[in-house]
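Trainee: Structure file query_17.cif (mmCIF, C-alpha atoms) is given on the next line.
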```
data_target
#
loop_
_atom_site.label_atom_id
_atom_site.label_comp_id
_atom_site.auth_asym_id
_atom_site.auth_seq_id
_atom_site.Cartn_x
_atom_site.Cartn_y
_atom_site.Cartn_z
CA MET S 63 1.23 15.21 46.97
CA GLY S 64 -1.19 18.10 46.39
CA ILE S 65 -3.04 19.76 49.23
CA LEU S 66 -6.37 18.42 47.96
CA LYS S 67 -5.18 14.83 47.96
CA ARG S 68 -3.78 15.30 51.45
CA LEU S 69 -7.12 16.61 52.67
CA MET S 70 -9.02 13.77 51.03
CA ALA S 71 -6.77 11.19 52.67
CA GLY S 72 -8.67 9.96 55.68
CA LEU S 73 -11.94 11.63 54.67
CA CYS S 74 -13.59 8.25 55.10
CA HIS S 75 -17.24 9.14 55.56
CA SER S 76 -17.68 10.97 52.26
CA LYS S 77 -19.11 8.76 49.51
CA LEU S 78 -18.87 11.35 46.78
CA GLN S 79 -17.28 10.73 43.41
CA PRO S 80 -15.19 13.26 41.43
CA GLU S 81 -18.05 13.54 38.95
CA SER S 82 -21.46 14.94 39.74
CA VAL S 83 -22.95 11.44 39.65
CA THR S 84 -23.28 9.73 43.00
CA THR S 85 -24.44 6.22 43.82
CA VAL S 86 -26.57 6.16 46.96
CA ARG S 87 -28.25 3.43 48.93
CA ILE S 88 -31.87 4.17 49.66
CA PRO S 89 -34.02 2.26 52.16
CA PHE S 90 -37.57 1.24 51.36
CA ALA S 91 -40.14 2.08 53.98
CA LYS S 92 -43.88 1.91 53.57
CA THR S 93 -45.81 0.09 50.87
CA ARG S 94 -49.38 0.83 49.88
CA ARG S 95 -51.23 -2.19 48.42
CA PRO S 96 -54.30 -1.55 46.22
CA ARG S 97 -57.38 -3.70 46.90
CA ARG S 98 -57.04 -5.36 43.51
CA THR S 99 -53.59 -6.77 44.29
CA PRO S 100 -53.71 -10.62 44.43
CA ALA S 101 -53.20 -12.05 47.88
CA GLY S 102 -49.70 -13.16 48.70
CA LEU S 103 -48.08 -11.15 45.94
CA ALA S 104 -44.44 -10.62 46.89
CA ILE S 105 -42.96 -7.16 47.06
CA VAL S 106 -39.70 -6.26 45.43
CA SER S 107 -36.32 -6.47 47.11
CA ALA S 108 -35.47 -3.40 49.17
CA PHE S 109 -32.54 -1.04 48.96
CA CYS S 110 -30.23 -1.43 51.93
CA CYS S 111 -28.92 1.71 53.54
CA ALA S 112 -28.14 3.70 56.62
CA ALA S 113 -29.37 7.04 55.42
CA LEU S 114 -32.87 7.42 56.77
CA GLN S 115 -36.15 5.93 57.86
CA LEU S 116 -38.81 7.10 55.45
CA TRP S 117 -42.43 7.77 55.33
CA ALA S 118 -45.41 8.83 53.28
CA SER S 119 -46.12 12.45 54.18
CA PRO S 120 -48.66 14.84 52.66
CA GLN S 121 -47.42 17.80 50.65
CA SER S 122 -47.57 20.56 53.24
CA ALA S 123 -46.73 24.24 52.84
CA ASN S 124 -43.34 23.53 54.42
CA ASN S 125 -42.62 20.78 51.90
CA LEU S 126 -43.69 23.00 49.02
CA ALA S 127 -41.14 25.58 50.14
CA ALA S 128 -38.42 22.95 49.85
CA SER S 129 -39.59 21.46 46.56
CA SER S 130 -39.75 24.90 44.94
CA ALA S 131 -36.10 25.44 45.86
CA LEU S 132 -34.72 21.99 44.95
CA ALA S 133 -36.13 20.30 41.86
CA VAL S 134 -36.07 16.50 41.78
CA GLN S 135 -36.57 14.59 38.54
CA VAL S 136 -36.52 10.79 38.66
CA ARG S 137 -36.10 8.51 35.68
CA LEU S 138 -36.04 4.74 35.35
CA GLY S 139 -33.28 3.14 33.31
CA ASP S 140 -31.24 -0.01 32.80
CA ALA S 141 -28.76 -0.82 35.56
CA PRO S 142 -25.19 -1.63 34.44
CA GLY S 143 -25.40 -5.18 35.79
CA GLY S 144 -28.90 -5.79 34.46
CA GLY S 145 -32.28 -4.93 35.88
CA THR S 146 -33.58 -1.44 36.60
CA GLN S 147 -32.11 1.60 38.29
CA ILE S 148 -33.41 4.99 39.26
CA GLU S 149 -31.62 8.16 38.17
CA ALA S 150 -32.57 11.07 40.39
CA GLU S 151 -31.49 14.52 39.22
CA LEU S 152 -31.33 17.24 41.88
CA ARG S 153 -31.18 20.85 40.70
CA ASN S 154 -30.76 23.87 42.95
CA LEU S 155 -33.27 26.50 41.81
CA THR S 156 -32.07 29.19 44.22
CA ASP S 157 -29.18 31.64 44.37
CA LYS S 158 -27.87 30.07 47.60
CA THR S 159 -25.72 26.99 48.29
CA ILE S 160 -27.58 23.95 49.64
CA THR S 161 -25.63 21.80 52.10
CA ALA S 162 -28.27 19.33 53.31
CA TYR S 163 -31.51 17.89 52.02
CA LYS S 164 -34.15 15.25 52.56
CA ILE S 165 -35.64 13.58 49.48
CA ALA S 166 -38.85 11.52 49.34
CA LEU S 167 -39.15 8.88 46.64
CA THR S 168 -42.18 6.94 45.37
CA ILE S 169 -41.79 3.92 43.06
CA VAL S 170 -44.90 2.55 41.35
CA TYR S 171 -45.14 -1.03 40.03
CA TYR S 172 -47.34 -2.48 37.30
CA ASP S 173 -50.05 -3.61 39.71
CA GLY S 174 -50.40 -0.13 41.21
CA ARG S 175 -48.36 -0.90 44.30
CA GLU S 176 -46.36 2.05 45.63
CA VAL S 177 -43.14 1.83 47.60
CA LYS S 178 -42.21 4.89 49.66
CA SER S 179 -38.54 5.56 50.25
CA GLY S 180 -35.92 8.29 50.08
CA TRP S 181 -32.66 9.54 51.55
CA THR S 182 -30.97 12.42 53.32
CA GLU S 183 -27.53 13.92 52.96
CA ASP S 184 -25.67 16.60 54.91
CA LEU S 185 -22.41 17.80 53.40
CA VAL S 186 -21.65 20.85 55.52
CA ASN S 187 -18.26 19.30 56.39
CA LEU S 188 -17.25 19.63 52.74
CA ILE S 189 -18.12 23.31 52.91
CA GLY S 190 -15.65 23.58 55.78
CA LEU S 191 -12.88 22.02 53.74
CA ALA S 192 -13.63 24.16 50.70
CA ASP S 193 -13.72 27.37 52.77
CA ALA S 194 -10.42 26.44 54.44
CA ASN S 195 -8.78 25.89 51.04
CA PRO S 196 -10.21 28.49 48.64
CA ASP S 197 -7.37 28.00 46.15
CA SER S 198 -7.99 24.27 45.78
CA THR S 199 -10.36 22.56 43.37
CA PHE S 200 -12.15 20.78 46.19
CA PRO S 201 -15.70 21.92 45.27
CA GLY S 202 -15.24 20.06 41.97
CA PHE S 203 -15.62 16.85 43.90
CA GLY S 204 -19.34 17.52 44.15
CA GLY S 205 -21.43 17.24 47.25
CA PHE S 206 -23.05 20.49 48.24
CA LEU S 207 -25.19 22.14 45.58
CA GLY S 208 -24.26 25.66 44.55
CA PRO S 209 -26.72 28.00 42.81
CA SER S 210 -28.15 26.34 39.67
CA GLN S 211 -25.94 23.29 40.13
CA THR S 212 -27.17 19.79 39.37
CA ARG S 213 -26.30 16.38 40.77
CA ILE S 214 -27.44 12.92 39.66
CA TYR S 215 -27.91 9.96 41.98
CA LYS S 216 -28.10 6.41 40.64
CA GLN S 217 -29.30 3.29 42.44
CA PRO S 218 -30.34 -0.17 41.18
CA ILE S 219 -33.79 -1.29 42.34
CA GLY S 220 -35.50 -4.66 42.42
CA ASN S 221 -38.10 -5.82 39.93
CA GLY S 222 -41.63 -6.84 40.83
CA PRO S 223 -43.18 -10.35 40.69
CA GLY S 224 -42.25 -12.25 37.57
CA GLY S 225 -39.36 -9.89 36.89
CA ILE S 226 -41.62 -6.99 35.90
CA ALA S 227 -39.86 -3.64 36.20
CA PRO S 228 -41.37 -0.63 37.94
CA VAL S 229 -43.43 1.58 35.66
CA ARG S 230 -42.57 4.99 37.09
CA ALA S 231 -40.87 6.82 39.93
CA GLN S 232 -41.31 10.26 41.45
CA GLY S 233 -39.22 12.27 43.88
CA THR S 234 -39.60 15.51 45.78
CA ALA S 235 -37.52 17.58 48.19
CA VAL S 236 -39.01 17.52 51.67
CA ALA S 237 -36.47 19.76 53.41
CA ILE S 238 -33.30 21.69 52.64
CA ILE S 239 -30.64 23.54 54.64
CA TYR S 240 -28.57 26.29 53.07
CA LYS S 241 -24.96 27.22 53.69
CA ASP S 242 -26.11 30.41 55.44
CA ARG S 243 -27.96 28.11 57.92
CA THR S 244 -31.43 29.14 56.85
CA ALA S 245 -33.73 26.26 55.96
CA ALA S 246 -37.05 25.32 54.37
CA GLY S 247 -39.29 22.29 54.60
CA ASP S 248 -39.99 19.62 57.21
CA PRO S 249 -39.42 21.26 60.65
CA ALA S 250 -38.70 17.93 62.37
CA PHE S 251 -35.91 17.04 59.96
CA ILE S 252 -34.43 20.52 60.11
CA LYS S 253 -34.39 20.54 63.91
CA SER S 254 -32.85 17.07 64.12
CA GLN S 255 -30.21 17.87 61.50
CA PHE S 256 -28.97 20.96 63.33
CA GLU S 257 -28.81 18.88 66.50
CA LEU S 258 -26.82 16.17 64.70
CA ARG S 259 -24.36 18.81 63.52
CA ARG S 260 -23.91 19.97 67.10
CA GLN S 261 -23.27 16.40 68.21
CA TYR S 262 -20.75 15.83 65.42
CA ALA S 263 -18.86 19.00 66.36
CA GLU S 264 -18.77 17.94 70.00
CA ARG S 265 -17.57 14.45 69.14
CA MET S 266 -14.88 15.69 66.76
CA ALA S 267 -13.58 18.15 69.37
CA ALA S 268 -12.50 15.23 71.56
CA ALA S 269 -10.46 13.65 68.76
CA ILE S 270 -8.90 17.04 67.94
CA ALA S 271 -7.75 17.48 71.53
CA GLU S 272 -6.07 14.06 71.46
CA MET S 273 -4.35 14.68 68.13
CA ASP S 274 -3.15 18.12 69.26
CA LYS S 275 -1.35 16.51 72.21
CA ILE S 276 0.37 13.91 70.02
CA LEU S 277 1.37 16.28 67.21
CA SER S 278 2.78 18.80 69.72
CA ASP S 279 5.47 16.29 70.75
CA SER S 280 8.79 18.00 69.99
CA GLU S 281 10.19 15.24 67.77
CA ILE S 282 6.96 14.82 65.81
CA HIS S 283 6.45 18.57 65.45
CA ARG S 284 10.03 19.00 64.24
CA ALA S 285 9.50 16.28 61.63
CA VAL S 286 6.33 17.96 60.31
CA THR S 287 8.13 21.30 60.03
CA GLU S 288 11.09 19.73 58.25
CA GLN S 289 8.86 18.00 55.70
CA LYS S 290 6.95 21.21 55.05
CA ASN S 291 10.13 23.18 54.47
CA MET S 292 11.88 20.44 52.48
CA PRO S 293 9.37 18.56 50.29
CA GLU S 294 12.12 16.17 49.18
CA VAL S 295 12.16 14.74 52.72
CA THR S 296 9.31 12.28 52.31
CA ASN S 297 9.80 10.14 55.40
CA ILE S 298 11.32 10.47 58.85
CA PRO S 299 10.96 6.90 60.19
CA SER S 300 11.77 7.52 63.86
CA ALA S 301 9.21 10.32 64.22
CA GLU S 302 6.58 8.41 62.23
CA LYS S 303 7.10 5.35 64.43
CA LYS S 304 6.75 7.47 67.55
CA PHE S 305 3.56 9.08 66.23
CA ARG S 306 2.00 5.71 65.46
CA GLN S 307 3.00 4.25 68.83
CA GLN S 308 1.58 7.20 70.76
CA LEU S 309 -1.62 7.27 68.73
CA GLY S 310 -2.08 3.50 69.03
CA ALA S 311 -1.55 3.60 72.79
CA ARG S 312 -4.05 6.42 73.19
CA ILE S 313 -6.63 4.60 71.09
CA GLU S 314 -6.18 1.49 73.21
CA SER S 315 -6.62 3.48 76.42
CA LEU S 316 -9.70 5.33 75.21
CA SER S 317 -11.25 2.07 74.01
CA GLN S 318 -11.47 0.98 77.65
CA GLY S 319 -13.21 4.16 78.80
CA THR S 320 -16.65 5.70 78.63
CA ALA S 321 -18.94 5.63 75.62
CA ALA S 322 -17.64 9.07 74.61
CA ASP S 323 -14.06 7.82 74.97
CA ARG S 324 -14.81 4.82 72.78
CA ARG S 325 -16.33 7.03 70.10
CA CYS S 326 -13.22 9.19 70.20
CA ALA S 327 -11.03 6.09 69.86
CA GLN S 328 -13.10 4.97 66.88
CA ASP S 329 -12.68 8.33 65.15
CA LEU S 330 -8.92 8.42 65.77
CA ARG S 331 -8.51 4.92 64.42
CA LEU S 332 -10.61 5.52 61.35
CA ARG S 333 -9.27 8.91 60.36
CA PHE S 334 -5.62 8.81 61.42
CA TYR S 335 -4.42 5.37 62.50
CA ASP S 336 -5.82 3.04 59.85
CA ALA S 337 -5.55 5.71 57.15
CA TYR S 338 -1.78 5.98 57.66
CA PRO S 339 -0.51 2.46 58.47
CA GLY S 340 3.12 3.59 58.33
CA GLY S 341 2.54 6.60 60.54
CA GLY S 342 3.21 9.12 57.81
CA PRO S 343 4.41 11.02 55.96
CA LEU S 344 3.73 13.22 58.95
CA VAL S 345 3.18 16.32 56.84
CA VAL S 346 0.32 14.46 55.14
CA VAL S 347 -1.11 13.48 58.53
CA GLN S 348 -0.89 17.14 59.61
CA ASP S 349 -2.70 18.29 56.47
CA ALA S 350 -5.44 15.69 57.03
CA PHE S 351 -5.73 16.85 60.63
CA ASP S 352 -6.06 20.48 59.53
CA GLY S 353 -8.85 19.38 57.19
CA TYR S 354 -10.52 17.49 60.05
CA LYS S 355 -10.48 20.66 62.16
CA ALA S 356 -12.02 22.59 59.27
CA GLU S 357 -14.81 20.01 59.10
CA ARG S 358 -15.41 20.30 62.82
CA ALA S 359 -15.58 24.09 62.58
CA ALA S 360 -18.16 23.80 59.79
CA TYR S 361 -20.30 21.48 61.89
CA ALA S 362 -20.02 23.81 64.89
CA VAL S 363 -20.98 26.95 62.95
CA GLY S 364 -23.58 25.05 60.96
CA SER S 365 -25.35 23.77 64.06
CA THR S 366 -27.05 27.10 64.78
CA ARG S 367 -30.04 27.83 62.58
CA GLN S 368 -30.57 31.31 61.19
CA GLU S 369 -34.03 32.60 60.41
CA ALA S 370 -34.62 33.77 56.84
CA LYS S 371 -34.84 37.54 56.49
#
```
Can I see the file as structure tokens?

Mentor:
Amino acid sequence: MGILKRLMAGLCHSKLQPESVTTVRIPFAKTRRPRRTPAGLAIVSAFCCAALQLWASPQSANNLAASSALAVQVRLGDAPGGGTQIEAELRNLTDKTITAYKIALTIVYYDGREVKSGWTEDLVNLIGLADANPDSTFPGFGGFLGPSQTRIYKQPIGNGPGGIAPVRAQGTAVAIIYKDRTAAGDPAFIKSQFELRRQYAERMAAAIAEMDKILSDSEIHRAVTEQKNMPEVTNIPSAEKKFRQQLGARIESLSQGTAADRRCAQDLRLRFYDAYPGGGPLVVVQDAFDGYKAERAAYAVGSTRQEAK
């Protein structure tokens, strides 16, 4: 199994596809109803998502700084299963890599009604994996936007009353964060995103400490070393069983503890217990763990904002 596949194993929270086309779920937020709209007219079905609570904000100088760096073009098209979908193309207009962004979206229906929505994405963890494995093809999986790179998001949307499709859609970048930790756009989003990165790094550190203890067990460590040195040795059942038993017991214990302990247990289960139901191969678990540590390091470094020079 290649190093890239090992790293991707257990990378559960990334929704990216190998191509540069990503399907995202976008929540609707505020609707503006013109006076001429008939009373009782039903609004379209909303997108369902966990990305962000959105708004209708004026185009400030901060927002202009973001939109001039990240171009957003939105088109309406036919969804594969019928109906309408939006296709939002994001293009990095700068010579720096963009790792996080906040996009505002406006959809206009035939009666003049506007639905305000949008989404955010922070992919600094993928930067960590790519930096830790410069010889891999990991950046080809998409995610962060390098200089002049383009990504396309697609999402089906609901029709208006009587099955009438939306007439147009418009998007704009509200805020962006670069790999060098400088940023432009909405100050509130930027501040909260750096704080979220700090929280992620802190949370992941707890899971790393637990995994370090388990993988340092002499029998488990010996099995990892043997599999690294002899690729033909694909499984060592006794060591894999011991790893799974120890990890399962620790997850069970942490699940009875504090809120922080329970979050740690959740992360261990998601990334290492459920992802490897047989407990191995342990060399694959070790590679995934090394990738997890690289993600954590990226969050930690990325949590401190740098001022643009």

Trainee: Would you kindly translate the PyMOL selection byres ((chain S and resi 167) around 8) into the concrete residues it picks from this file, as an MDAnalysis selection string?

Mentor: chainID S and resid 165:166 168:169 178:180 231:234

Trainee: Just give me the gap between CA of Asn291 (chain S) and CA of Glu272 (chain S) in Å, one decimal is fine.

Mentor: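 Interatomic distance here is 25.2 Å.
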
Trainee: Excluding Ala245 (chain S) and any residue of its chain fewer than 2 positions from it, enumerate the residues within 10 Å of it, using all atoms listed in the file, and give them as a ChimeraX atom specification.

Mentor: /S:127-128,160,162-163,237-243,247-249,252-253,367-370

Trainee: S:Glu176, S:Val345, S:Ile219, S:Ala267: which is nearest Thr296 (chain S), counting all atoms listed in the file?

Mentor: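 So, comparing all the options, the nearest one is S:Val345.
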
Trainee: Measuring atom to atom with only C-alpha atoms, identify which of S:Glu357, S:Glu302, S:Asp323, S:Glu314 is nearest to Leu344 (chain S).

Mentor: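 With only C-alpha atoms as the atom set, the closest residue is S:Glu302.
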
Trainee: Quote the spacing between CA of Ala321 (chain S) and CA of Gln261 (chain S) in Å to one decimal place.

Mentor: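 Pair CA of Ala321 (chain S) / CA of Gln261 (chain S) returns 13.8 Å.
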
Trainee: CA of Ala271 (chain S) and CA of Ser300 (chain S) are how many Å apart?

Mentor: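 Rounded to one decimal, the two atoms are 23.2 Å apart.
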
Trainee: Hey, what's within 9 Å of region 209-211 of chain S if we count all atoms listed in the file and toss same-chain stuff fewer than 4 positions away? As a list in words, please?

Mentor: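 Close residues of region 209-211 of chain S: Leu152, Arg153, Asn154, Leu155, Thr156, Asp157, Lys158, Thr159 and Ile160 of chain S.
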
Trainee: Can you list, as a CSV table (one decimal) with C-alpha atoms, in the coordinates of the input, every protein, DNA or RNA residue that comes within 9 Å of Ser365 (chain S) when you count only C-alpha atoms, leaving out same-chain residues fewer than 5 positions away?

Mentor:
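Result went into around.csv, see below:
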```csv
chain,number,residue,atom,x,y,z
S,243,ARG,CA,-28.0,28.1,57.9
S,255,GLN,CA,-30.2,17.9,61.5
S,256,PHE,CA,-29.0,21.0,63.3
S,257,GLU,CA,-28.8,18.9,66.5
S,258,LEU,CA,-26.8,16.2,64.7
S,259,ARG,CA,-24.4,18.8,63.5
S,260,ARG,CA,-23.9,20.0,67.1
S,261,GLN,CA,-23.3,16.4,68.2
S,263,ALA,CA,-18.9,19.0,66.4
S,360,ALA,CA,-18.2,23.8,59.8
```

Trainee: Quick one: apply the PyMOL selection byres ((chain S and resi 326) around 12) to the file and drop the selected residues here as a compact mmCIF listing (two decimals) with C-alpha atoms, keeping the file's coordinate frame.

Mentor:
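And here is the file that came out, result.txt:
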```txt
# COMPACT_ATOMS: atom_id res chain seq x y z
CA TYR S 262 -20.75 15.83 65.42
CA ALA S 263 -18.86 19.00 66.36
CA GLU S 264 -18.77 17.94 70.00
CA ARG S 265 -17.57 14.45 69.14
CA MET S 266 -14.88 15.69 66.76
CA ALA S 267 -13.58 18.15 69.37
CA ALA S 268 -12.50 15.23 71.56
CA ALA S 269 -10.46 13.65 68.76
CA ILE S 270 -8.90 17.04 67.94
CA ALA S 271 -7.75 17.48 71.53
CA GLU S 272 -6.07 14.06 71.46
CA MET S 273 -4.35 14.68 68.13
CA LEU S 309 -1.62 7.27 68.73
CA ARG S 312 -4.05 6.42 73.19
CA ILE S 313 -6.63 4.60 71.09
CA GLU S 314 -6.18 1.49 73.21
CA SER S 315 -6.62 3.48 76.42
CA LEU S 316 -9.70 5.33 75.21
CA SER S 317 -11.25 2.07 74.01
CA GLN S 318 -11.47 0.98 77.65
CA GLY S 319 -13.21 4.16 78.80
CA THR S 320 -16.65 5.70 78.63
CA ALA S 321 -18.94 5.63 75.62
CA ALA S 322 -17.64 9.07 74.61
CA ASP S 323 -14.06 7.82 74.97
CA ARG S 324 -14.81 4.82 72.78
CA ARG S 325 -16.33 7.03 70.10
CA ALA S 327 -11.03 6.09 69.86
CA GLN S 328 -13.10 4.97 66.88
CA ASP S 329 -12.68 8.33 65.15
CA LEU S 330 -8.92 8.42 65.77
CA ARG S 331 -8.51 4.92 64.42
CA LEU S 332 -10.61 5.52 61.35
CA ARG S 333 -9.27 8.91 60.36
CA PHE S 334 -5.62 8.81 61.42
```

Trainee: List the spatial neighbours of His283 (chain S) as a ChimeraX atom specification - criterion: any atom at most 10 Å away, only C-alpha atoms, same-chain residues fewer than 3 positions off excluded.

Mentor: /S:276-280,286-288,301,305,344-345,348

Trainee: Just write the chosen residues, C-alpha atoms, as a PDB file, keeping the file's coordinate frame.

Mentor:
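Saved result, again_34.pdb, follows:
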```pdb
ATOM      1  CA  ILE S 276       0.370  13.910  70.020  1.00  0.00           C
ATOM      2  CA  LEU S 277       1.370  16.280  67.210  1.00  0.00           C
ATOM      3  CA  SER S 278       2.780  18.800  69.720  1.00  0.00           C
ATOM      4  CA  ASP S 279       5.470  16.290  70.750  1.00  0.00           C
ATOM      5  CA  SER S 280       8.790  18.000  69.990  1.00  0.00           C
ATOM      6  CA  VAL S 286       6.330  17.960  60.310  1.00  0.00           C
ATOM      7  CA  THR S 287       8.130  21.300  60.030  1.00  0.00           C
ATOM      8  CA  GLU S 288      11.090  19.730  58.250  1.00  0.00           C
ATOM      9  CA  ALA S 301       9.210  10.320  64.220  1.00  0.00           C
ATOM     10  CA  PHE S 305       3.560   9.080  66.230  1.00  0.00           C
ATOM     11  CA  LEU S 344       3.730  13.220  58.950  1.00  0.00           C
ATOM     12  CA  VAL S 345       3.180  16.320  56.840  1.00  0.00           C
ATOM     13  CA  GLN S 348      -0.890  17.140  59.610  1.00  0.00           C
TER      14      GLN S 348
END
```
